[in-house]
Each structure stands twice: as C-alpha cells, then as structure tokens.
Amino acid sequence: MRDVPKAATTSDPRIEALLIHREIEEFNNAYAAALDEQRLRDWAQMFTDDGFYVVISRENADRNLPVGLIYCENKGMILDRANAMKTEMFAPRYLRHIVGNLQVLGEAANGDIRARANYVVIQVLFDRPAATLHQVGVYYDKLRRIDGALKLAERRCVYDNLLVDNALCLPV
C-alpha cells in the first residue's frame with residue numbers, strides 16, 4: 001500500500017477526495033488478493049489492533065442482530081481465525097473476490113474514514129468443473145491510518161444471498 005506523501009496533498013477537496021478514493025481502492029485490491037491467494041496472516045495484518053470483523057446476513061444486519069457466520073472483536077481473534085485455517089478440514093478451493101462500486105462516505109473528526117463497497121466471491125472447488133457464486137454483499141468499513149497506512153478498524157461484510165453454499169471456511 002502506497003502512502004500519499006504530504007507534498008502531494010492539495011487544498012482542493014476534489015483532489016483530496018480522489019486520492020482517498022484511490023487509496024481505498026488499492027487497499028481493497030490488496031485485501032482481495034490476500035484472500036484469493038490464501039495469505040491469511042497478511043489479511044489479518046490489514047486490521048487495527050482493535051479491529052472488528054463480521055460476516056453477517058442482511059436479515060440479521062437489518063434487524064440489528066449481532067450474530068454472524070464469522071465474528072471477531074479484535075485483531076487477536078482475527079489472527080486466531082487466520083491461524084485456525086491451517087488445522088481446519090475442508091475441500092480444496094479457489095476463491096476470487098471482486099470488489100467494486102466503492103463509495104467514500106466521509107471522514108470523522110478523529111480521521112476515521114467510512115466507506116462501502118460491493119463484493120462478489122466466486123468459488124471453484126477442485127473436484128467440480130464449474131465456478132459457483134459463493135457470496136454477494138456489501139462491505140461497510142471504518143478505515144484508520146496507522147503509521148501512514150490504511151487499516152481496517154471495522155469491516156462488516158453483509159451478504160445478500162439467503163444461503164451460503166457449502167461452508168464459509170475462508171473470510172470474505
């Protein structure tokens with residue numbers, strides 16, 4: 001992830017908005033690549049120490065119910081999730097994350113940036129010839145700068161599909 005040097009900043013808010021949008025886009029691309037390549041420790045490092053991560057159905061999100069398929073309240077839990085993948089048994093698979101329609105929703109006084117983006121996860125099981133749609137949803141994010149780099153302070157993955165085919169063994 002490339003940090004925008006202070007000399008490159010401008011007082012034009014349109015330019016600043018474009019730079020932030022592009023930086024978050026690059027962050028999401030790196031996030032997707034880490035998951036697609038199953039580099040789960042790299043994925044976990046994309047969160048702040050107090051980072052929150054949940055994969056939750058739209059039905060539960062709309063009702064403000066906290067129960068999700070994956071629920072991590074801090075980076076320690078996120079790292080546990082990443083490390084547990086070494087011991088879990090599941091059919092080998094390839095995943096492809098497609099992230100788009102990024103919207104930067106605003107910046108709080110403390111510098112936290114709110115954003116949302118649509119995501120699609122396509123899955124290919126090694127023993128099946130066809131790719132399947134695994135999950136479709138929206139990332140609701142709170143990003144924070146730590147040592148000049150963006151990190152996720154919160155990522156809520158709200159999926160639209162009624163059922164998640166197979167098991168949700170890998171993060172989205």
# chains A, B, ... in the order shown; residues from 1 in each chain; ligands from 1

$ residues_around --residues "Asp42 (chain A)" --least-positions-apart "5" --cutoff "9 Å" --atoms "only C-alpha atoms" --output "MDAnalysis selection string"
chainID A and resid 31 34:35

$ write_last_selection --atoms "C-alpha atoms" --output "JSON list (two decimals), in the first residue's frame"
[["chain", "number", "residue", "atom", "x", "y", "z"],
["A", 31, "TYR", "CA", -7.29, -7.27, 0.61],
["A", 34, "ALA", "CA", -4.52, -11.71, 0.15],
["A", 35, "LEU", "CA", -7.73, -13.74, 0.46]]

$ residues_around --residues "region 101-111 of chain A" --least-positions-apart "5" --cutoff "7 Å" --atoms "only C-alpha atoms" --output "count of residues only"
5

$ residues_around --residues "Val99 (chain A)" --least-positions-apart "4" --cutoff "9 Å" --atoms "only C-alpha atoms" --output "compact mmCIF listing (two decimals) with C-alpha atoms, in the first residue's frame"
# COMPACT_ATOMS: atom_id res chain seq x y z
CA GLU A 25 -9.50 1.09 -3.91
CA ASN A 28 -9.44 -3.33 -1.28
CA ASN A 29 -7.46 -4.80 -4.18
CA ALA A 32 -8.90 -9.35 -2.16
CA ALA A 117 -18.16 -1.29 -1.50
CA ASN A 118 -19.99 -4.15 -3.13
CA TYR A 119 -18.31 -7.54 -3.22
CA VAL A 120 -18.80 -10.84 -5.02
CA VAL A 121 -16.98 -14.06 -4.11
CA TYR A 139 -18.53 -4.19 2.84

$ closest_residue --among "A:Leu65, A:Leu170, A:Gly76, A:Asn83" --to "Phe47 (chain A)" --atoms "only C-alpha atoms"
A:Gly76

$ closest_residue --among "A:Leu95, A:Arg58, A:Leu125, A:Arg14" --to "Asp160 (chain A)" --atoms "only C-alpha atoms"
A:Arg58

$ select_by_dssp --residues "chain A" --states "strand (DSSP E or B)" --output "PyMOL selection string"
chain A and resi 47-57+70-72+93-107+113-125+132-146+149-159

$ atom_distance --atom1 "CA of Ile78 (chain A)" --atom2 "CA of Ala44 (chain A)"
5.9 Å

$ residues_around --residues "Asp62 (chain A)" --least-positions-apart "4" --cutoff "12 Å" --atoms "only C-alpha atoms" --output "PyMOL selection string"
chain A and resi 56-58+66-67+158-160

$ write_last_selection --atoms "C-alpha atoms" --output "PDB file, in the first residue's frame"
ATOM      1  CA  ILE A  56     -23.422 -11.306   8.691  1.00  0.00           C
ATOM      2  CA  SER A  57     -26.635 -11.896   6.747  1.00  0.00           C
ATOM      3  CA  ARG A  58     -28.613  -8.908   5.507  1.00  0.00           C
ATOM      4  CA  PRO A  66     -25.116  -9.204  16.025  1.00  0.00           C
ATOM      5  CA  VAL A  67     -24.937 -12.896  15.122  1.00  0.00           C
ATOM      6  CA  VAL A 158     -23.259  -8.025   4.898  1.00  0.00           C
ATOM      7  CA  TYR A 159     -24.198 -10.767   2.453  1.00  0.00           C
ATOM      8  CA  ASP A 160     -27.394 -10.773   0.408  1.00  0.00           C
TER       9      ASP A 160
END

$ select_by_dssp --residues "region 1-126 of chain A" --states "helix (DSSP H, G or I)" --output "PyMOL selection string"
chain A and resi 6-8+13-36+40-44+58-62+75-84

$ closest_residue --among "A:Val138, A:Ala130, A:Leu143, A:Ile70" --to "Arg93 (chain A)" --atoms "only C-alpha atoms"
A:Ala130
